[in-house]
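**Student:** Input structure: structure.pdb, which contains PDB, C-alpha atoms.
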```pdb
ATOM      1  CA  MET A   1     -13.469  23.475  -6.439  1.00  0.00           C
ATOM      2  CA  VAL A   2     -10.965  22.743  -3.692  1.00  0.00           C
ATOM      3  CA  LYS A   3      -7.930  24.797  -2.669  1.00  0.00           C
ATOM      4  CA  HIS A   4      -4.871  22.990  -1.308  1.00  0.00           C
ATOM      5  CA  VAL A   5      -2.333  25.260   0.382  1.00  0.00           C
ATOM      6  CA  ILE A   6       0.913  23.964   1.883  1.00  0.00           C
ATOM      7  CA  LEU A   7       3.583  25.915   3.770  1.00  0.00           C
ATOM      8  CA  TRP A   8       7.064  24.485   4.325  1.00  0.00           C
ATOM      9  CA  LYS A   9       9.985  25.508   6.494  1.00  0.00           C
ATOM     10  CA  LEU A  10      13.328  24.375   5.120  1.00  0.00           C
ATOM     11  CA  ASP A  11      15.946  22.724   7.310  1.00  0.00           C
ATOM     12  CA  GLU A  12      18.101  25.369   9.020  1.00  0.00           C
ATOM     13  CA  LYS A  13      21.183  23.206   8.359  1.00  0.00           C
ATOM     14  CA  LEU A  14      20.995  24.216   4.680  1.00  0.00           C
ATOM     15  CA  THR A  15      23.147  27.128   3.552  1.00  0.00           C
ATOM     16  CA  ASP A  16      21.479  30.069   1.820  1.00  0.00           C
ATOM     17  CA  SER A  17      22.770  28.773  -1.514  1.00  0.00           C
ATOM     18  CA  GLU A  18      21.420  25.285  -0.801  1.00  0.00           C
ATOM     19  CA  LYS A  19      18.065  26.778   0.224  1.00  0.00           C
ATOM     20  CA  ASP A  20      17.895  28.671  -3.070  1.00  0.00           C
ATOM     21  CA  GLN A  21      18.598  25.447  -4.981  1.00  0.00           C
ATOM     22  CA  VAL A  22      16.015  23.499  -2.971  1.00  0.00           C
ATOM     23  CA  LYS A  23      13.383  26.203  -3.472  1.00  0.00           C
ATOM     24  CA  ALA A  24      14.026  26.209  -7.222  1.00  0.00           C
ATOM     25  CA  GLY A  25      13.761  22.405  -7.308  1.00  0.00           C
ATOM     26  CA  ILE A  26      10.491  22.397  -5.382  1.00  0.00           C
ATOM     27  CA  LYS A  27       9.036  25.106  -7.629  1.00  0.00           C
ATOM     28  CA  GLU A  28      10.130  23.371 -10.836  1.00  0.00           C
ATOM     29  CA  GLY A  29       8.991  19.955  -9.664  1.00  0.00           C
ATOM     30  CA  LEU A  30       5.560  20.916  -8.373  1.00  0.00           C
ATOM     31  CA  GLU A  31       4.690  23.439 -11.076  1.00  0.00           C
ATOM     32  CA  GLY A  32       5.815  20.826 -13.591  1.00  0.00           C
ATOM     33  CA  LEU A  33       2.838  18.721 -12.515  1.00  0.00           C
ATOM     34  CA  ALA A  34       0.464  21.119 -14.303  1.00  0.00           C
ATOM     35  CA  GLY A  35      -1.384  19.166 -16.961  1.00  0.00           C
ATOM     36  CA  GLN A  36      -0.055  15.879 -15.550  1.00  0.00           C
ATOM     37  CA  ILE A  37      -2.546  15.135 -12.769  1.00  0.00           C
ATOM     38  CA  PRO A  38      -6.270  14.578 -13.396  1.00  0.00           C
ATOM     39  CA  GLY A  39      -8.376  17.247 -11.701  1.00  0.00           C
ATOM     40  CA  LEU A  40      -5.473  19.623 -11.011  1.00  0.00           C
ATOM     41  CA  VAL A  41      -6.704  23.005 -12.236  1.00  0.00           C
ATOM     42  CA  ASP A  42      -3.876  25.323 -11.122  1.00  0.00           C
ATOM     43  CA  ILE A  43      -0.598  25.022  -9.225  1.00  0.00           C
ATOM     44  CA  THR A  44       1.746  27.792  -8.109  1.00  0.00           C
ATOM     45  CA  VAL A  45       4.763  27.707  -5.820  1.00  0.00           C
ATOM     46  CA  ARG A  46       5.945  30.882  -4.070  1.00  0.00           C
ATOM     47  CA  THR A  47       9.553  30.990  -2.867  1.00  0.00           C
ATOM     48  CA  GLU A  48      10.202  34.697  -2.314  1.00  0.00           C
ATOM     49  CA  GLY A  49       8.342  35.651   0.848  1.00  0.00           C
ATOM     50  CA  LEU A  50       8.670  38.970   2.596  1.00  0.00           C
ATOM     51  CA  PRO A  51      11.119  39.243   5.531  1.00  0.00           C
ATOM     52  CA  SER A  52       8.105  38.973   7.869  1.00  0.00           C
ATOM     53  CA  SER A  53       7.477  35.377   6.692  1.00  0.00           C
ATOM     54  CA  ASN A  54       8.287  32.473   8.986  1.00  0.00           C
ATOM     55  CA  VAL A  55       8.160  29.779   6.283  1.00  0.00           C
ATOM     56  CA  ASP A  56      10.235  29.366   3.128  1.00  0.00           C
ATOM     57  CA  VAL A  57       7.932  27.901   0.476  1.00  0.00           C
ATOM     58  CA  MET A  58       4.196  28.011  -0.263  1.00  0.00           C
ATOM     59  CA  LEU A  59       2.209  25.751  -2.583  1.00  0.00           C
ATOM     60  CA  ASP A  60      -1.126  27.165  -3.763  1.00  0.00           C
ATOM     61  CA  SER A  61      -3.099  24.690  -5.850  1.00  0.00           C
ATOM     62  CA  THR A  62      -6.665  24.239  -7.037  1.00  0.00           C
ATOM     63  CA  PHE A  63      -8.493  20.993  -7.760  1.00  0.00           C
ATOM     64  CA  VAL A  64     -11.826  20.185  -9.349  1.00  0.00           C
ATOM     65  CA  ASP A  65     -13.011  18.439  -6.175  1.00  0.00           C
ATOM     66  CA  ALA A  66     -11.869  16.612  -3.028  1.00  0.00           C
ATOM     67  CA  GLU A  67     -11.532  13.328  -4.930  1.00  0.00           C
ATOM     68  CA  SER A  68      -9.076  14.972  -7.342  1.00  0.00           C
ATOM     69  CA  LEU A  69      -7.021  16.188  -4.370  1.00  0.00           C
ATOM     70  CA  LYS A  70      -6.935  12.632  -2.986  1.00  0.00           C
ATOM     71  CA  GLY A  71      -5.772  11.360  -6.371  1.00  0.00           C
ATOM     72  CA  TYR A  72      -3.038  14.003  -6.495  1.00  0.00           C
ATOM     73  CA  ALA A  73      -1.723  12.973  -3.078  1.00  0.00           C
ATOM     74  CA  THR A  74      -1.074   9.426  -4.276  1.00  0.00           C
ATOM     75  CA  HIS A  75      -0.281  10.086  -7.929  1.00  0.00           C
ATOM     76  CA  PRO A  76       3.179   8.652  -8.760  1.00  0.00           C
ATOM     77  CA  LYS A  77       4.384  11.900 -10.352  1.00  0.00           C
ATOM     78  CA  HIS A  78       3.448  13.907  -7.260  1.00  0.00           C
ATOM     79  CA  VAL A  79       4.943  11.302  -4.916  1.00  0.00           C
ATOM     80  CA  ALA A  80       8.218  11.401  -6.891  1.00  0.00           C
ATOM     81  CA  VAL A  81       8.457  15.187  -6.509  1.00  0.00           C
ATOM     82  CA  ALA A  82       7.497  15.084  -2.824  1.00  0.00           C
ATOM     83  CA  ASP A  83       9.957  12.304  -2.006  1.00  0.00           C
ATOM     84  CA  GLY A  84      12.816  13.695  -4.099  1.00  0.00           C
ATOM     85  CA  LYS A  85      12.552  17.471  -3.867  1.00  0.00           C
ATOM     86  CA  VAL A  86      10.478  18.346  -0.783  1.00  0.00           C
ATOM     87  CA  ARG A  87      10.559  15.901   2.136  1.00  0.00           C
ATOM     88  CA  PRO A  88      14.348  15.512   2.406  1.00  0.00           C
ATOM     89  CA  TYR A  89      14.797  19.266   2.925  1.00  0.00           C
ATOM     90  CA  THR A  90      11.826  20.367   5.013  1.00  0.00           C
ATOM     91  CA  VAL A  91      11.319  20.306   8.771  1.00  0.00           C
ATOM     92  CA  LEU A  92       7.789  21.698   8.960  1.00  0.00           C
ATOM     93  CA  ARG A  93       4.714  21.224   6.787  1.00  0.00           C
ATOM     94  CA  SER A  94       1.399  22.966   7.367  1.00  0.00           C
ATOM     95  CA  CYS A  95      -1.632  22.283   5.181  1.00  0.00           C
ATOM     96  CA  MET A  96      -5.046  23.804   4.666  1.00  0.00           C
ATOM     97  CA  ASP A  97      -7.604  22.413   2.251  1.00  0.00           C
ATOM     98  CA  TYR A  98     -10.911  24.193   1.698  1.00  0.00           C
ATOM     99  CA  GLU A  99     -13.761  24.462  -0.772  1.00  0.00           C
ATOM    100  CA  ILE A 100     -14.210  27.548  -2.909  1.00  0.00           C
TER     101      ILE A 100
END
```
Could you write out this structure as structure tokens?

**Tutor:**
Amino acid sequence: MVKHVILWKLDEKLTDSEKDQVKAGIKEGLEGLAGQIPGLVDITVRTEGLPSSNVDVMLDSTFVDAESLKGYATHPKHVAVADGKVRPYTVLRSCMDYEI
């Protein structure tokens, strides 16, 4: 199994209301991929961090293996969510992939 964890910082130019809308869109879009991508075992998006957090959104996902993660990265449904709901609104992306 492979874990894929992403942390995003949203653009500071967004208002609090816009940030809430963007977070909801990211959560809906990415969690909506459950059952849509071969090898994707679990996907959860966290948008309500504690005040001590220095990022706005976290993706925590699990894949059968590294090949499944590669397939996810290029899958058209994932690319559509990333291009439409994530990339336009984020200024920082940190990733960690690891085997469990």

**Student:** Kindly resolve the PyMOL selection byres ((chain A and resi 44-55) around 7) on the present coordinates and return the residues as a ChimeraX atom specification.

**Tutor:** /A:7-9,23,27,31,42-43,56-61

**Student:** I need the residue nearest Leu14 (chain A) from this list: A:Ala80, A:Val91, A:Ile37, A:Glu99. Use only C-alpha atoms for the distance.

**Tutor:**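 Among A:Ala80, A:Val91, A:Ile37, A:Glu99, it is A:Val91 that comes nearest to Leu14 (chain A).
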
**Student:** Once the PyMOL selection byres ((chain A and resi 88) around 12) has been evaluated on this model, what residues remain selected, and can you format them as a PyMOL selection string?

**Tutor:** chain A and resi 8-11+13-14+22+25-26+80-87+89-92

**Student:** Take CA of Lys70 (chain A) and CA of Ser94 (chain A) and report the distance between them in Å, one decimal.

**Tutor:** 16.8 Å

**Student:** For a cut-off of 12 Å around (-12.5, 22.7, 1.3), file coordinates, pick out all residues using only C-alpha atoms and list them as a ChimeraX atom specification.

**Tutor:** /A:1-5,61-67,69,95-100

**Student:** Kindly give the distance, in Å, that separates CA of His75 (chain A) and CA of Lys19 (chain A), rounded to a single decimal.

**Tutor:**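 We find that CA of His75 (chain A) and CA of Lys19 (chain A) lie 26.1 Å from each other.
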
**Student:** Just the number, please: distance in Å from CA of Gly71 (chain A) to CA of Gln36 (chain A), one decimal.

**Tutor:**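 Interatomic distance here is 11.7 Å.
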
**Student:** What lies within 9 Å of Tyr72 (chain A) using only C-alpha atoms, ignoring chain neighbours under 4 positions off, as a list of chain:residue names?

**Tutor:**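 Answer for this query is A:Ile37, A:Pro38, A:Gly39, A:Leu40, A:Phe63, A:Glu67, A:Ser68, A:Pro76, A:Lys77, A:His78, A:Val79.
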
**Student:** For region 33-37 of chain A, what centre and edge lengths in Å (one decimal) does the axis-aligned box get once 3 Å is added on each side of all its listed atoms, as lines of an AutoDock Vina configuration file?

**Tutor:**
```
center_x = 0.1
center_y = 18.1
center_z = -14.7
size_x = 11.4
size_y = 12.0
size_z = 10.4
```
